[in-house]
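A.B. asks: Below you will find the structure I want to go over with you.
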Amino acid sequence: MLDVLEKHCKKNGIPMIVCNVNESELPIIKEKYPECSVSSDRDWFDYLYEKEPMLLLAGRKYGTPRNHINKFKKLYPDWSFRKITDSDIESLIEFTEKFSFNSEKDESAMKELEICIDVLKHHEKYRMAGGFLTVNDTIVGYSFGEIIGDTLFVHIEKADVSFHGAYQMLTNSFLREFASGDEVKYVNREEDCGDEGLRKSKLSYHPVELIEKNTVRIPL
């Protein structure tokens, strides 16, 4: 793969940059390209959790997300969580288009929304687990993810924050629906993109590891 990438970059006169390189992959690239430079950005580190503590939320250290969930249940007794089916797609696309999930509609935020809509439109091809949260049959959030090995990777989490505790309820419901089996040991909720609110929320679940992802620039 590196040879193909190198050939493509040389042919088109563009720099060779490899992103999201984890620590186990880094020595392979360094051996092939000893002159490469490596950098990392905390904003793009993945959050890895043990599934059971995150699912049960027992003890004082998990008080914050547990309290948000309890308040959500109290405020919205008619909530439900269901698996996504073909008949739900149009409503979920409308939900995605209606709400802004970022404080600023910058280019990256708009790209994120486009990706979410693409996943929804082609959810059967992506073959990911998907579920959505409702209150009085109104959609308030949805998630997509997939199980790889012993880890559930949560690729998309979107919720309407005007509903108190929607994100915490969505996260817990998604795990209960798709990760309750013994095969899943860990949950990877990916990066926070430098969003302080998202970072605070993800840290409140006490990750066992922040997985460093590197950017490698290779001189040609």
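By order of appearance in the structure tokens: chains A, B, ..., then residues from 1 within every chain, and ligands from 1 in the order shown.
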Please provide the set of residues having any atom within 7 Å of Met128 (chain A), restricted to only C-alpha atoms, with same-chain residues fewer than 5 positions apart removed, written as a list in words.
C.D. replies: His123, Phe144, Gly145 and Glu146 of chain A
A.B. asks: Mind checking DSSP for region 9-102 of chain A and telling me the strand (DSSP E or B) residues as a PDB file with C-alpha atoms, in the first residue's frame?
C.D. replies:
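New file part-v3.pdb:
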ATOM      1  CA  MET A  16       3.122  12.081   0.695  1.00  0.00           C
ATOM      2  CA  ILE A  17       1.287  12.350   4.004  1.00  0.00           C
ATOM      3  CA  VAL A  18      -0.098   9.363   5.911  1.00  0.00           C
ATOM      4  CA  CYS A  19      -2.678  10.158   8.591  1.00  0.00           C
ATOM      5  CA  ASN A  20      -4.140   8.269  11.557  1.00  0.00           C
ATOM      6  CA  VAL A  21      -1.075   6.066  11.998  1.00  0.00           C
ATOM      7  CA  SER A  37       8.719  13.268  10.221  1.00  0.00           C
ATOM      8  CA  VAL A  38       6.018  12.347  12.730  1.00  0.00           C
ATOM      9  CA  SER A  39       3.535  14.567  14.561  1.00  0.00           C
ATOM     10  CA  SER A  40       0.432  13.972  16.634  1.00  0.00           C
ATOM     11  CA  ASP A  46      -9.332   7.977  20.166  1.00  0.00           C
ATOM     12  CA  TYR A  47     -11.087   7.355  23.484  1.00  0.00           C
ATOM     13  CA  LEU A  48     -10.996   3.679  24.485  1.00  0.00           C
ATOM     14  CA  TYR A  49     -13.155   2.366  27.330  1.00  0.00           C
ATOM     15  CA  GLU A  50     -13.807  -0.923  29.050  1.00  0.00           C
ATOM     16  CA  TRP A  79     -38.573   7.765  25.568  1.00  0.00           C
ATOM     17  CA  SER A  80     -37.609   4.735  23.491  1.00  0.00           C
ATOM     18  CA  PHE A  81     -34.614   3.377  21.602  1.00  0.00           C
ATOM     19  CA  ARG A  82     -34.964   1.298  18.457  1.00  0.00           C
ATOM     20  CA  LYS A  83     -32.805  -0.216  15.752  1.00  0.00           C
TER      21      LYS A  83
END
A.B. asks: How many Å separate CA of Pro219 (chain A) from CA of Glu35 (chain A)?
C.D. replies: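 Separation between CA of Pro219 (chain A) and CA of Glu35 (chain A): 7.0 Å.
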A.B. asks: Applying 9 Å and only C-alpha atoms, which residues near His68 (chain A) remain after dropping the ones on its own chain fewer than 6 positions away? List them as a list in words.
C.D. replies: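 Contacts, with the query itself left out: His164, Gly165, Ala166, Tyr167, Gln168 and Met169 of chain A.
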A.B. asks: Return the single residue from A:Asn22, A:Asp137, A:Phe132, A:Ile93 that is closest to Asp118 (chain A), with distances computed using only C-alpha atoms.
C.D. replies: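 The closest residue to Asp118 (chain A) is A:Ile93.
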A.B. asks: I need the alpha helix (DSSP H) residues of region 7-215 of chain A per DSSP on the backbone, written as a PyMOL selection string.
C.D. replies: chain A and resi 7-12+26-32+51-56+63-75+89-98+107-121+123-126+166-178+196-203
A.B. asks: Keeping only C-alpha atoms, take the residues you just selected and write them out as a PDB file, in the first residue's frame.
C.D. replies:
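Dumped everything to result21.pdb:
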ATOM      1  CA  LYS A   7       3.890   6.150  -6.819  1.00  0.00           C
ATOM      2  CA  HIS A   8       0.663   8.160  -6.875  1.00  0.00           C
ATOM      3  CA  CYS A   9       2.218  11.118  -5.041  1.00  0.00           C
ATOM      4  CA  LYS A  10       5.284  11.204  -7.276  1.00  0.00           C
ATOM      5  CA  LYS A  11       3.185  10.984 -10.423  1.00  0.00           C
ATOM      6  CA  ASN A  12       0.935  13.855  -9.363  1.00  0.00           C
ATOM      7  CA  LEU A  26       4.629   3.604  12.979  1.00  0.00           C
ATOM      8  CA  PRO A  27       7.789   1.386  13.032  1.00  0.00           C
ATOM      9  CA  ILE A  28       6.829  -0.100   9.653  1.00  0.00           C
ATOM     10  CA  ILE A  29       6.726   3.330   8.025  1.00  0.00           C
ATOM     11  CA  LYS A  30       9.876   4.520   9.800  1.00  0.00           C
ATOM     12  CA  GLU A  31      11.807   1.478   8.611  1.00  0.00           C
ATOM     13  CA  LYS A  32      10.800   2.089   5.006  1.00  0.00           C
ATOM     14  CA  LYS A  51     -17.357  -1.860  28.119  1.00  0.00           C
ATOM     15  CA  GLU A  52     -18.717  -3.143  31.434  1.00  0.00           C
ATOM     16  CA  PRO A  53     -18.003  -0.042  33.566  1.00  0.00           C
ATOM     17  CA  MET A  54     -19.278   2.203  30.792  1.00  0.00           C
ATOM     18  CA  LEU A  55     -22.442   0.122  30.469  1.00  0.00           C
ATOM     19  CA  LEU A  56     -23.211  -0.193  34.188  1.00  0.00           C
ATOM     20  CA  GLY A  63     -21.979   9.885  38.820  1.00  0.00           C
ATOM     21  CA  THR A  64     -22.089  12.587  36.141  1.00  0.00           C
ATOM     22  CA  PRO A  65     -23.263  10.483  33.170  1.00  0.00           C
ATOM     23  CA  ARG A  66     -25.511   8.396  35.445  1.00  0.00           C
ATOM     24  CA  ASN A  67     -27.226  11.509  36.791  1.00  0.00           C
ATOM     25  CA  HIS A  68     -27.802  12.825  33.258  1.00  0.00           C
ATOM     26  CA  ILE A  69     -29.425   9.520  32.289  1.00  0.00           C
ATOM     27  CA  ASN A  70     -31.644   9.458  35.373  1.00  0.00           C
ATOM     28  CA  LYS A  71     -32.787  13.008  34.716  1.00  0.00           C
ATOM     29  CA  PHE A  72     -33.520  12.190  31.076  1.00  0.00           C
ATOM     30  CA  LYS A  73     -35.725   9.267  32.144  1.00  0.00           C
ATOM     31  CA  LYS A  74     -37.536  11.461  34.666  1.00  0.00           C
ATOM     32  CA  LEU A  75     -38.114  14.343  32.257  1.00  0.00           C
ATOM     33  CA  ILE A  89     -34.096   6.790   7.055  1.00  0.00           C
ATOM     34  CA  GLU A  90     -35.988   9.782   5.691  1.00  0.00           C
ATOM     35  CA  SER A  91     -36.910  10.977   9.196  1.00  0.00           C
ATOM     36  CA  LEU A  92     -33.303  10.617  10.342  1.00  0.00           C
ATOM     37  CA  ILE A  93     -32.050  12.588   7.336  1.00  0.00           C
ATOM     38  CA  GLU A  94     -34.539  15.362   8.147  1.00  0.00           C
ATOM     39  CA  PHE A  95     -33.312  15.319  11.745  1.00  0.00           C
ATOM     40  CA  THR A  96     -29.703  15.611  10.578  1.00  0.00           C
ATOM     41  CA  GLU A  97     -30.477  18.495   8.239  1.00  0.00           C
ATOM     42  CA  LYS A  98     -32.553  20.359  10.828  1.00  0.00           C
ATOM     43  CA  GLU A 107     -16.248  23.577   6.556  1.00  0.00           C
ATOM     44  CA  SER A 108     -15.458  20.573   8.763  1.00  0.00           C
ATOM     45  CA  ALA A 109     -18.876  20.744  10.418  1.00  0.00           C
ATOM     46  CA  MET A 110     -20.642  20.787   7.073  1.00  0.00           C
ATOM     47  CA  LYS A 111     -18.512  17.879   5.864  1.00  0.00           C
ATOM     48  CA  GLU A 112     -19.470  15.929   8.970  1.00  0.00           C
ATOM     49  CA  LEU A 113     -23.155  16.439   8.238  1.00  0.00           C
ATOM     50  CA  GLU A 114     -22.640  15.289   4.649  1.00  0.00           C
ATOM     51  CA  ILE A 115     -20.971  12.098   5.909  1.00  0.00           C
ATOM     52  CA  CYS A 116     -23.834  11.426   8.320  1.00  0.00           C
ATOM     53  CA  ILE A 117     -26.387  11.801   5.546  1.00  0.00           C
ATOM     54  CA  ASP A 118     -24.348   9.560   3.237  1.00  0.00           C
ATOM     55  CA  VAL A 119     -24.213   6.835   5.904  1.00  0.00           C
ATOM     56  CA  LEU A 120     -27.961   7.105   6.402  1.00  0.00           C
ATOM     57  CA  LYS A 121     -28.715   6.929   2.670  1.00  0.00           C
ATOM     58  CA  HIS A 123     -26.724   2.261   5.604  1.00  0.00           C
ATOM     59  CA  GLU A 124     -27.262  -1.197   4.116  1.00  0.00           C
ATOM     60  CA  LYS A 125     -23.968  -0.982   2.208  1.00  0.00           C
ATOM     61  CA  TYR A 126     -22.046   0.236   5.272  1.00  0.00           C
ATOM     62  CA  ALA A 166     -29.857  13.031  25.316  1.00  0.00           C
ATOM     63  CA  TYR A 167     -26.249  12.151  24.529  1.00  0.00           C
ATOM     64  CA  GLN A 168     -25.752  10.131  27.701  1.00  0.00           C
ATOM     65  CA  MET A 169     -29.028   8.280  27.152  1.00  0.00           C
ATOM     66  CA  LEU A 170     -28.154   7.630  23.518  1.00  0.00           C
ATOM     67  CA  THR A 171     -24.713   6.263  24.400  1.00  0.00           C
ATOM     68  CA  ASN A 172     -26.027   3.946  27.100  1.00  0.00           C
ATOM     69  CA  SER A 173     -28.941   2.690  25.003  1.00  0.00           C
ATOM     70  CA  PHE A 174     -26.666   2.005  22.032  1.00  0.00           C
ATOM     71  CA  LEU A 175     -24.309  -0.080  24.179  1.00  0.00           C
ATOM     72  CA  ARG A 176     -27.164  -2.028  25.748  1.00  0.00           C
ATOM     73  CA  GLU A 177     -28.624  -2.809  22.335  1.00  0.00           C
ATOM     74  CA  PHE A 178     -25.470  -3.694  20.425  1.00  0.00           C
ATOM     75  CA  GLU A 196     -14.139  21.217  24.850  1.00  0.00           C
ATOM     76  CA  GLY A 197     -17.691  20.140  25.684  1.00  0.00           C
ATOM     77  CA  LEU A 198     -17.255  16.839  23.883  1.00  0.00           C
ATOM     78  CA  ARG A 199     -13.880  16.303  25.545  1.00  0.00           C
ATOM     79  CA  LYS A 200     -15.356  16.873  28.997  1.00  0.00           C
ATOM     80  CA  SER A 201     -18.190  14.468  28.253  1.00  0.00           C
ATOM     81  CA  LYS A 202     -15.926  11.710  26.949  1.00  0.00           C
ATOM     82  CA  LEU A 203     -13.521  12.072  29.862  1.00  0.00           C
TER      83      LEU A 203
END
A.B. asks: In terms of the shortest atom-to-atom distance over only C-alpha atoms, which of A:Glu25, A:Asp192, A:Asp3, A:Asp150 is closest to Leu210 (chain A)?
C.D. replies: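 Once distances to Leu210 (chain A) are computed over only C-alpha atoms, the minimum belongs to A:Asp192.
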